[in-house]
$ cat target_8.txt   # compact mmCIF, C-alpha atoms
# COMPACT_ATOMS: atom_id res chain seq x y z
CA MET O 1 -28.33 -13.42 -0.17
CA GLU O 2 -29.79 -16.90 -0.02
CA ASN O 3 -27.39 -19.82 0.16
CA SER O 4 -28.59 -21.20 -3.17
CA VAL O 5 -27.78 -17.89 -4.87
CA ALA O 6 -24.40 -17.74 -3.16
CA GLN O 7 -23.61 -21.24 -4.39
CA ARG O 8 -24.66 -20.27 -7.89
CA LEU O 9 -22.33 -17.29 -7.86
CA VAL O 10 -19.40 -19.34 -6.54
CA THR O 11 -20.01 -22.03 -9.16
CA ALA O 12 -20.12 -19.36 -11.87
CA LEU O 13 -16.76 -18.02 -10.69
CA LYS O 14 -15.25 -21.48 -10.72
CA ASP O 15 -16.65 -22.30 -14.15
CA SER O 16 -15.15 -19.07 -15.47
CA GLY O 17 -11.71 -20.01 -14.22
CA VAL O 18 -11.48 -17.67 -11.23
CA SER O 19 -9.07 -19.24 -8.74
CA PHE O 20 -7.94 -16.38 -6.49
CA VAL O 21 -10.19 -14.14 -4.40
CA SER O 22 -9.09 -11.39 -2.03
CA TYR O 23 -11.80 -9.69 -0.05
CA LEU O 24 -13.11 -7.55 2.76
CA PRO O 25 -16.48 -8.90 3.95
CA GLU O 26 -19.73 -6.95 3.92
CA THR O 27 -23.42 -7.72 4.39
CA ARG O 28 -24.98 -8.54 1.01
CA LEU O 29 -22.76 -11.21 -0.55
CA SER O 30 -20.94 -12.55 2.50
CA ARG O 31 -22.42 -16.04 2.21
CA ILE O 32 -20.02 -16.69 -0.65
CA ILE O 33 -17.04 -16.54 1.74
CA PRO O 34 -17.47 -19.94 3.46
CA LEU O 35 -18.29 -21.51 0.10
CA LEU O 36 -15.07 -20.12 -1.39
CA GLN O 37 -13.07 -21.22 1.64
CA GLU O 38 -14.47 -24.74 1.52
CA ASP O 39 -13.51 -25.21 -2.13
CA SER O 40 -9.84 -26.11 -2.55
CA LEU O 41 -9.82 -24.73 -6.09
CA PHE O 42 -9.91 -21.22 -4.67
CA ARG O 43 -7.10 -19.37 -2.92
CA VAL O 44 -8.96 -17.00 -0.62
CA VAL O 45 -7.22 -14.10 1.11
CA PRO O 46 -8.98 -11.95 3.71
CA THR O 47 -7.65 -8.41 3.89
CA THR O 48 -7.96 -5.32 6.02
CA SER O 49 -8.65 -2.85 3.20
CA GLU O 50 -10.06 -3.03 -0.29
CA ALA O 51 -7.05 -0.99 -1.43
CA GLU O 52 -4.83 -3.84 -0.30
CA ALA O 53 -7.15 -6.47 -1.75
CA VAL O 54 -6.77 -4.93 -5.22
CA SER O 55 -2.95 -4.89 -4.99
CA ILE O 56 -2.84 -8.50 -3.80
CA ALA O 57 -5.16 -9.60 -6.60
CA ALA O 58 -2.92 -7.79 -9.09
CA GLY O 59 0.06 -9.80 -7.86
CA ALA O 60 -1.95 -12.99 -8.23
CA ALA O 61 -3.09 -12.04 -11.73
CA LEU O 62 0.48 -11.30 -12.84
CA THR O 63 1.44 -14.85 -11.89
CA GLY O 64 -1.25 -16.44 -14.06
CA ASN O 65 -4.31 -16.62 -11.84
CA GLN O 66 -7.78 -15.45 -12.73
CA ALA O 67 -8.21 -13.06 -9.82
CA ALA O 68 -11.28 -11.51 -8.24
CA VAL O 69 -11.77 -8.95 -5.48
CA TYR O 70 -14.96 -9.08 -3.42
CA MET O 71 -15.94 -5.84 -1.70
CA GLU O 72 -18.78 -3.56 -0.70
CA GLY O 73 -19.62 -0.62 -2.93
CA THR O 74 -17.81 1.64 -0.52
CA GLY O 75 -14.70 -0.41 -1.24
CA VAL O 76 -14.55 1.05 -4.73
CA TYR O 77 -14.04 4.43 -3.09
CA VAL O 78 -11.38 3.04 -0.74
CA SER O 79 -9.53 1.18 -3.48
CA ALA O 80 -9.80 3.82 -6.22
CA TYR O 81 -6.11 4.69 -5.96
CA SER O 82 -5.00 1.05 -6.19
CA LEU O 83 -7.40 0.40 -9.06
CA PHE O 84 -5.83 3.28 -10.94
CA ALA O 85 -2.19 2.93 -9.88
CA VAL O 86 -1.95 -0.83 -10.36
CA GLY O 87 -5.02 -2.05 -12.22
CA GLU O 88 -5.28 0.63 -14.85
CA ARG O 89 -1.70 1.85 -15.25
CA PHE O 90 -0.19 -1.65 -15.30
CA GLY O 91 -3.12 -3.15 -17.15
CA VAL O 92 -4.00 -6.05 -14.88
CA PRO O 93 -7.14 -8.12 -15.41
CA MET O 94 -9.22 -8.67 -12.29
CA LEU O 95 -12.89 -9.14 -11.57
CA LEU O 96 -14.42 -6.81 -8.99
CA LEU O 97 -17.40 -8.38 -7.21
CA VAL O 98 -19.09 -5.35 -5.70
CA SER O 99 -22.24 -5.27 -3.60
CA TYR O 100 -24.11 -2.30 -4.98
CA VAL O 101 -25.06 -0.85 -1.63
CA GLY O 102 -27.59 1.93 -1.77
CA SER O 103 -28.72 1.17 -5.31
CA PHE O 104 -32.39 1.34 -6.32
CA ASN O 105 -32.74 -2.47 -6.25
CA ASP O 106 -30.77 -2.96 -3.05
CA LYS O 107 -33.38 -4.75 -0.91
CA ARG O 108 -31.70 -3.61 2.26
CA ASN O 109 -31.26 -0.01 1.27
CA SER O 110 -32.14 2.44 3.97
CA SER O 111 -29.77 5.04 5.24
CA ALA O 112 -27.22 3.94 2.67
CA PHE O 113 -29.52 4.88 -0.17
CA SER O 114 -28.17 7.78 -2.16
CA HIS O 115 -24.94 7.85 -0.18
CA TYR O 116 -23.17 5.40 -2.44
CA THR O 117 -25.08 5.61 -5.68
CA LYS O 118 -22.11 7.34 -7.27
CA THR O 119 -20.32 3.99 -7.61
CA PRO O 120 -20.98 3.77 -11.38
CA GLN O 121 -19.71 7.29 -11.93
CA LEU O 122 -16.59 6.45 -9.96
CA LEU O 123 -15.99 3.33 -12.02
CA GLN O 124 -16.51 5.34 -15.19
CA ALA O 125 -14.00 7.93 -14.02
CA LEU O 126 -11.51 5.11 -13.43
CA GLY O 127 -12.18 3.70 -16.90
CA ILE O 128 -13.54 0.45 -15.47
CA GLU O 129 -16.21 -1.38 -17.47
CA TYR O 130 -19.08 -2.65 -15.32
CA GLN O 131 -22.44 -4.38 -15.43
CA VAL O 132 -25.24 -4.35 -12.85
CA VAL O 133 -26.35 -7.85 -11.82
CA SER O 134 -29.77 -8.21 -10.19
CA ARG O 135 -31.14 -11.61 -11.23
CA ALA O 136 -29.62 -14.89 -10.09
CA GLU O 137 -30.67 -16.68 -13.25
CA GLU O 138 -28.31 -14.48 -15.26
CA ILE O 139 -25.25 -14.85 -13.07
CA GLU O 140 -23.46 -17.54 -15.06
CA GLU O 141 -23.63 -15.53 -18.27
CA GLN O 142 -22.68 -12.24 -16.63
CA VAL O 143 -19.68 -13.67 -14.77
CA GLY O 144 -18.54 -15.41 -17.94
CA ASP O 145 -18.90 -12.21 -19.93
CA ALA O 146 -17.03 -10.19 -17.29
CA VAL O 147 -14.12 -12.62 -17.14
CA ARG O 148 -13.86 -12.67 -20.91
CA VAL O 149 -13.88 -8.87 -21.07
CA MET O 150 -11.30 -8.42 -18.32
CA ASN O 151 -8.94 -10.80 -20.10
CA SER O 152 -9.55 -9.13 -23.41
CA LEU O 153 -8.94 -5.64 -22.05
CA LYS O 154 -6.34 -6.70 -19.48
CA LEU O 155 -8.02 -4.34 -17.08
CA PRO O 156 -10.21 -4.54 -13.98
CA VAL O 157 -13.90 -5.14 -14.73
CA ALA O 158 -16.72 -4.81 -12.18
CA LEU O 159 -20.00 -6.54 -11.50
CA LEU O 160 -22.34 -4.53 -9.25
CA PHE O 161 -24.66 -6.86 -7.35
CA THR O 162 -28.14 -5.75 -6.35
CA GLY O 163 -31.70 -7.13 -6.47
CA GLU O 164 -31.86 -10.85 -5.63
CA PHE O 165 -28.29 -10.74 -4.39
CA THR O 166 -29.23 -8.35 -1.59
CA LEU O 167 -32.14 -10.32 -0.11
CA MET N 1 24.43 3.92 5.31
CA LYS N 2 22.98 4.79 1.92
CA ARG N 3 20.16 2.88 0.24
CA PHE N 4 22.39 2.39 -2.82
CA ASP N 5 25.02 0.69 -0.64
CA CYS N 6 22.42 -1.87 0.44
CA LEU N 7 21.20 -2.42 -3.09
CA GLU N 8 24.79 -2.96 -4.26
CA VAL N 9 25.09 -5.67 -1.62
CA MET N 10 21.83 -7.23 -2.74
CA ALA N 11 22.35 -7.10 -6.52
CA PRO N 12 24.77 -10.03 -6.91
CA LEU N 13 22.60 -12.19 -4.66
CA VAL N 14 19.54 -11.97 -6.91
CA LYS N 15 19.37 -14.82 -9.44
CA ASP N 16 15.86 -16.15 -10.04
CA GLU N 17 14.17 -14.27 -7.24
CA ILE N 18 11.32 -11.87 -7.94
CA VAL N 19 11.95 -8.24 -6.94
CA VAL N 20 8.95 -5.92 -6.53
CA THR N 21 9.66 -2.25 -5.85
CA SER N 22 7.52 0.69 -4.87
CA GLY N 23 7.79 3.92 -6.80
CA SER N 24 10.41 5.70 -4.79
CA GLY N 25 14.11 6.30 -5.21
CA GLN N 26 14.88 2.61 -4.85
CA ARG N 27 12.98 1.95 -8.07
CA VAL N 28 15.51 4.10 -9.93
CA GLU N 29 18.52 2.82 -8.02
CA TRP N 30 17.53 -0.85 -8.34
CA GLY N 31 16.77 -0.36 -12.02
CA HIS N 32 20.22 1.20 -12.40
CA LEU N 33 21.86 -1.83 -10.79
CA SER N 34 19.71 -4.67 -12.09
CA GLN N 35 18.33 -5.53 -15.52
CA HIS N 36 16.78 -8.73 -14.16
CA ASP N 37 13.57 -9.63 -16.03
CA GLY N 38 12.10 -10.71 -12.71
CA ASN N 39 11.98 -7.08 -11.55
CA LEU N 40 8.51 -5.63 -11.20
CA PHE N 41 8.73 -1.87 -10.82
CA VAL N 42 5.40 -0.86 -9.34
CA GLY N 43 5.42 2.81 -10.19
CA SER N 44 3.38 4.03 -7.25
CA LEU N 45 3.55 4.38 -3.49
CA GLY N 46 1.53 2.10 -1.25
CA ASN N 47 1.07 -0.81 -3.63
CA ALA N 48 4.31 -2.79 -3.83
CA LEU N 49 3.88 -4.80 -0.64
CA GLY N 50 0.35 -5.85 -1.60
CA VAL N 51 1.41 -6.82 -5.12
CA GLY N 52 4.45 -8.64 -3.77
CA LEU N 53 2.30 -10.53 -1.28
CA GLY N 54 0.01 -11.67 -4.08
CA VAL N 55 3.02 -12.84 -6.10
CA ALA N 56 4.52 -14.63 -3.10
CA LEU N 57 1.29 -16.45 -2.26
CA CYS N 58 0.93 -17.68 -5.82
CA LEU N 59 4.58 -18.65 -6.39
CA PRO N 60 5.44 -20.30 -3.05
CA LYS N 61 8.59 -21.97 -4.42
CA ARG N 62 10.23 -18.68 -5.40
CA LYS N 63 11.69 -16.04 -3.16
CA VAL N 64 9.99 -12.69 -3.51
CA ILE N 65 11.77 -9.54 -2.35
CA VAL N 66 9.70 -6.40 -1.86
CA LEU N 67 11.57 -3.09 -1.75
CA GLU N 68 9.57 -0.48 0.12
CA SER N 69 10.23 2.97 1.52
CA ASP N 70 9.04 4.41 4.82
CA GLY N 71 6.69 6.82 3.06
CA SER N 72 5.19 4.09 0.88
CA LEU N 73 4.74 1.66 3.77
CA LEU N 74 3.23 4.32 6.00
CA LEU N 75 0.71 4.92 3.23
CA SER N 76 -0.29 1.25 3.31
CA LEU N 77 0.17 -0.01 6.86
CA PHE N 78 -2.99 -2.06 6.37
CA ASN N 79 -0.79 -4.54 4.52
CA LEU N 80 1.09 -5.61 7.62
CA PRO N 81 -1.64 -7.62 9.41
CA THR N 82 -2.43 -9.45 6.18
CA VAL N 83 1.25 -10.22 5.55
CA ALA N 84 1.53 -11.46 9.15
CA ASN N 85 -1.50 -13.70 8.99
CA GLN N 86 -0.70 -15.09 5.54
CA ASN N 87 2.90 -15.52 6.72
CA PRO N 88 4.43 -16.47 3.36
CA ALA N 89 7.73 -18.26 3.98
CA ASN N 90 9.13 -17.00 0.67
CA LEU N 91 8.66 -13.27 1.25
CA VAL N 92 11.46 -10.88 2.21
CA VAL N 93 10.36 -7.29 2.81
CA VAL N 94 12.99 -4.55 2.85
CA VAL N 95 11.94 -1.08 3.95
CA PHE N 96 14.44 1.67 3.24
CA ASP N 97 13.66 4.13 5.98
CA ASN N 98 15.22 7.54 5.35
CA GLN N 99 12.72 9.19 7.69
CA ALA N 100 11.76 11.76 5.07
CA TYR N 101 9.45 12.41 2.17
CA SER N 102 12.28 13.13 -0.23
CA ARG N 103 9.93 13.77 -3.12
CA SER N 104 8.44 16.65 -1.17
CA ASN N 105 11.61 18.59 -2.09
CA ILE N 106 11.62 20.04 1.42
CA SER N 107 12.73 16.85 3.16
CA HIS N 108 9.53 16.75 5.13
CA PRO N 109 9.92 14.26 8.01
CA THR N 110 7.88 11.05 7.99
CA ALA N 111 6.40 9.54 11.14
CA THR N 112 9.55 7.43 11.56
CA ALA N 113 11.48 10.64 12.19
CA GLY N 114 9.24 10.95 15.22
CA LYS N 115 8.02 8.16 17.47
CA THR N 116 7.08 5.50 14.96
CA ASP N 117 9.18 2.33 14.70
CA LEU N 118 8.31 0.26 11.64
CA ALA N 119 9.94 -2.96 12.87
CA MET N 120 8.00 -2.70 16.12
CA THR N 121 4.86 -1.95 14.14
CA ALA N 122 5.44 -5.07 12.05
CA LYS N 123 6.00 -7.16 15.17
CA GLY N 124 2.83 -5.78 16.67
CA THR N 125 0.84 -7.02 13.69
CA GLY N 126 2.30 -10.51 14.11
CA ILE N 127 5.37 -10.57 11.85
CA GLU N 128 7.80 -12.49 14.01
CA HIS N 129 11.08 -11.72 12.27
CA ALA N 130 11.12 -7.94 12.04
CA VAL N 131 14.44 -6.20 12.55
CA THR N 132 16.12 -2.83 12.11
CA VAL N 133 19.60 -2.63 10.60
CA ARG N 134 21.84 0.40 10.55
CA ASP N 135 24.95 -0.68 8.61
CA THR N 136 25.66 -2.64 5.45
CA ALA N 137 27.17 -5.61 7.30
CA ALA N 138 23.96 -6.08 9.27
CA PHE N 139 21.91 -5.57 6.09
CA GLU N 140 23.98 -8.16 4.23
CA LYS N 141 23.51 -10.70 7.01
CA GLU N 142 19.75 -10.20 7.03
CA ILE N 143 19.29 -10.28 3.27
CA VAL N 144 21.52 -13.34 2.85
CA ASP N 145 19.66 -15.15 5.64
CA GLY N 146 16.38 -14.09 4.11
CA LEU N 147 17.27 -15.50 0.70
CA ARG N 148 18.84 -18.71 1.97
CA THR N 149 16.35 -19.72 4.64
CA GLU N 150 12.62 -20.19 4.74
CA GLY N 151 10.48 -17.78 6.66
CA LEU N 152 8.92 -14.36 6.39
CA ARG N 153 11.47 -11.58 6.89
CA PHE N 154 10.85 -7.90 7.49
CA ILE N 155 13.99 -5.76 7.38
CA VAL N 156 13.94 -2.05 8.11
CA ALA N 157 17.15 -0.48 6.81
CA LYS N 158 17.80 2.92 8.33
CA VAL N 159 19.41 4.94 5.55
CA GLU N 160 20.53 8.49 4.91
CA GLU N 161 18.29 10.68 2.87
CA THR N 162 19.98 11.17 -0.48
CA LEU N 163 18.91 12.41 -3.87
CA ASP N 164 21.56 10.33 -5.64
CA HIS N 165 18.89 8.58 -7.69
CA ARG N 166 18.06 11.84 -9.41
CA LYS N 167 21.49 11.77 -11.03
CA MET N 168 21.02 8.22 -12.33
CA THR N 169 19.66 7.11 -15.65
CA ARG N 170 16.09 6.03 -15.14
CA PRO N 171 14.76 2.77 -16.59
CA ASN N 172 13.93 3.42 -20.24
CA PHE N 173 10.76 1.33 -20.24
CA ASP N 174 7.26 2.15 -19.06
CA LEU N 175 4.97 0.17 -16.80
CA LEU N 176 3.37 -1.79 -19.61
CA GLU N 177 6.71 -2.92 -21.05
CA ASN N 178 7.88 -3.84 -17.57
CA LYS N 179 4.71 -5.85 -17.01
CA TYR N 180 5.17 -7.84 -20.20
CA ARG N 181 8.87 -8.44 -19.55
CA PHE N 182 7.98 -9.69 -16.09
CA VAL N 183 5.11 -11.84 -17.32
CA ARG N 184 7.18 -13.38 -20.15
CA TYR N 185 9.97 -14.08 -17.67
CA LEU N 186 7.52 -15.95 -15.45
CA GLU N 187 6.13 -17.82 -18.44
CA ARG N 188 9.65 -18.96 -19.38
CA THR N 189 10.69 -19.92 -15.89
CA GLU N 190 7.39 -21.22 -14.50
CA GLY N 191 6.34 -22.94 -17.72
CA LYS N 192 2.80 -21.66 -17.84
CA ALA N 193 0.76 -19.03 -19.65
CA ILE N 194 0.06 -15.96 -17.57
CA PHE N 195 -2.56 -14.04 -19.50
CA LEU N 196 -5.46 -16.07 -20.76
CA ASN N 197 -5.73 -16.03 -24.53
CA GLU N 198 -8.93 -17.87 -25.28
CA ARG N 199 -8.62 -17.35 -29.00
CA ALA N 200 -5.19 -18.99 -28.98
CA GLU N 201 -6.64 -21.84 -26.96
CA GLY N 202 -9.24 -22.42 -29.62
CA LYS N 203 -12.19 -21.38 -27.50
CA LYS N 204 -15.14 -19.67 -29.03
CA ILE N 205 -15.18 -16.04 -27.91

$ encode --input "target_8.txt" --output "structure tokens"
Amino acid sequence: MENSVAQRLVTALKDSGVSFVSYLPETRLSRIIPLLQEDSLFRVVPTTSEAEAVSIAAGAALTGNQAAVYMEGTGVYVSAYSLFAVGERFGVPMLLLVSYVGSFNDKRNSSAFSHYTKTPQLLQALGIEYQVVSRAEEIEEQVGDAVRVMNSLKLPVALLFTGEFTL
Amino acid sequence: MKRFDCLEVMAPLVKDEIVVTSGSGQRVEWGHLSQHDGNLFVGSLGNALGVGLGVALCLPKRKVIVLESDGSLLLSLFNLPTVANQNPANLVVVVFDNQAYSRSNISHPTATAGKTDLAMTAKGTGIEHAVTVRDTAAFEKEIVDGLRTEGLRFIVAKVEETLDHRKMTRPNFDLLENKYRFVRYLERTEGKAIFLNERAEGKKI
């Protein structure tokens, strides 16, 4: 992802009130990490597992923070139990920022293609609303929509990033 | 030493602290002893320490006590390096280690019944104050120190396996009611809104 796109995403998060981000880094969106860390408005927590990142974000959300979890698409598989046990059963709003690895518009797809294209089905099985994001010019609106929906539902909501976000 | 003995020691010490429990026997026993609105009964295994860490990081002026079991912690050992590196000075982690999966109904041994030492594991990840206690006097000293002094604490309490909690009245509220009680308690005591209500704030939605 180009730095300008990363900055646009981080600004969109900030403008939507997101203030807490737990994460496990990956390849497509990783340029957002230094931008998040440099901005004192964000509390940024690196983790060792997406399952943990979801639980930590839930704790942050229950104390009044707009929380996000940044992960690779494979992280949805790893964190499925936490998303269900804490996010769904407790009803905790959090924004999942997921690189949609292996998707049709993933510009780096290669061996990963088809391996992880079941991410939408997994989210559906978990009852998690999601949108696919592929164009940088739409990021502000899509992040704003996602944050509004997660607060309305009081549930995790996912954005799957592909296209321009995977360059 | 029984887990309930430790919880009885802890109960009168908890005033405005936050208590986060995993979904094991201690959830029932703590709920039996404490009707504190600052209790968050995470009804699953492997999530309480992560949730408690998130709460502790966001409420640094409040003590947060996480009640874990050996089975639940072993399911989520990935939490320990993050807890160590975040090093929240307001977090007290208690692991009731009965060395068994009691819910298995066959008392299947956990790894701590073998070679695994959870306090040593915690130290290995970088948690400096990680101790094992084997009697209620030692537990009381650690929990009192943990609540009265700053610094991350990790207390492994070696307890007997009991099924006493199965004879106790379970909390009569579900996870959603518990969440709202907890959230409203924080709103009262922290003086801020927890869940965003854009309509109430007059925003166009």

$ interface_residues --input "target_8.txt" --of "chain O" --to "chain N" --cutoff "6 Å" --atoms "all atoms listed in the file" --output "list of chain:residue names"
O:Thr47, O:Thr48, O:Glu52, O:Ser55, O:Ile56, O:Ala58, O:Gly59, O:Ala60, O:Thr63, O:Gly64, O:Phe90

$ closest_atom_pairs --input "target_8.txt" --of "segment 82-145 of chain N" --to "segment 152-166 of chain N" --cutoff "9 Å" --atoms "all atoms listed in the file" --output "tab-separated table"
residue	atom	partner	partner_atom	distance
N:Val83	CA	N:Leu152	CA	8.8
N:Ala84	CA	N:Leu152	CA	8.4
N:Asn87	CA	N:Leu152	CA	6.1
N:Pro88	CA	N:Leu152	CA	5.8
N:Ala89	CA	N:Leu152	CA	4.7
N:Asn90	CA	N:Leu152	CA	6.3
N:Leu91	CA	N:Leu152	CA	5.3
N:Val92	CA	N:Arg153	CA	4.7
N:Val93	CA	N:Phe154	CA	4.7
N:Val94	CA	N:Ile155	CA	4.8
N:Val95	CA	N:Val156	CA	4.7
N:Phe96	CA	N:Ala157	CA	5.0
N:Asp97	CA	N:Lys158	CA	4.9
N:Asn98	CA	N:Val159	CA	4.9
N:Gln99	CA	N:Glu161	CA	7.5
N:Ala100	CA	N:Glu161	CA	7.0
N:Ser102	CA	N:Glu161	CA	7.2
N:Ser107	CA	N:Glu161	CA	8.3
N:Leu118	CA	N:Val156	CA	7.0
N:Ala119	CA	N:Val156	CA	6.3
N:Ala122	CA	N:Phe154	CA	7.6
N:Ile127	CA	N:Phe154	CA	7.5
N:Glu128	CA	N:Leu152	CA	7.9
N:His129	CA	N:Arg153	CA	5.4
N:Ala130	CA	N:Phe154	CA	4.6
N:Val131	CA	N:Ile155	CA	5.2
N:Thr132	CA	N:Val156	CA	4.6
N:Val133	CA	N:Ala157	CA	5.0
N:Arg134	CA	N:Lys158	CA	5.3
N:Asp135	CA	N:Ala157	CA	8.0
N:Thr136	CA	N:Ala157	CA	8.9
N:Phe139	CA	N:Ala157	CA	7.0
N:Glu142	CA	N:Ile155	CA	7.3
N:Ile143	CA	N:Ile155	CA	8.1

$ atom_distance --input "target_8.txt" --atom1 "atom CA of Val45 of chain O" --atom2 "atom CA of Val18 of chain O"
13.5 Å

$ atom_distance --input "target_8.txt" --atom1 "atom CA of Glu150 of chain N" --atom2 "atom CA of Val64 of chain N"
11.5 Å

$ residues_around --input "target_8.txt" --residues "Ala12 of chain O" --least-positions-apart "4" --cutoff "7 Å" --atoms "all atoms listed in the file" --output "ChimeraX atom specification"
/O:8,16,139-140,143

$ atom_distance --input "target_8.txt" --atom1 "atom CA of Tyr130 of chain O" --atom2 "atom CA of Ala146 of chain O"
8.1 Å

$ residues_around --input "target_8.txt" --residues "Asn105 of chain O" --least-positions-apart "6" --cutoff "12 Å" --atoms "all atoms listed in the file" --output "PyMOL selection string"
chain O and resi 99+113-114+117+132-135+160-167

$ residues_near_point --input "target_8.txt" --point "(-11.9, -16.6, -3.1)" --cutoff "7 Å" --atoms "all atoms listed in the file" --output "list of chain:residue names"
O:Ser19, O:Phe20, O:Val21, O:Ser22, O:Leu36, O:Gln37, O:Phe42, O:Arg43, O:Val44, O:Val45

$ closest_residue --input "target_8.txt" --among "O:Ala6, O:Leu155, O:Leu96, O:Leu35" --to "Glu50 of chain O" --atoms "all atoms listed in the file"
O:Leu96

$ closest_residue --input "target_8.txt" --among "N:Gly151, N:Thr116, N:Gly25, N:Glu68" --to "Lys167 of chain N" --atoms "all atoms listed in the file"
N:Gly25
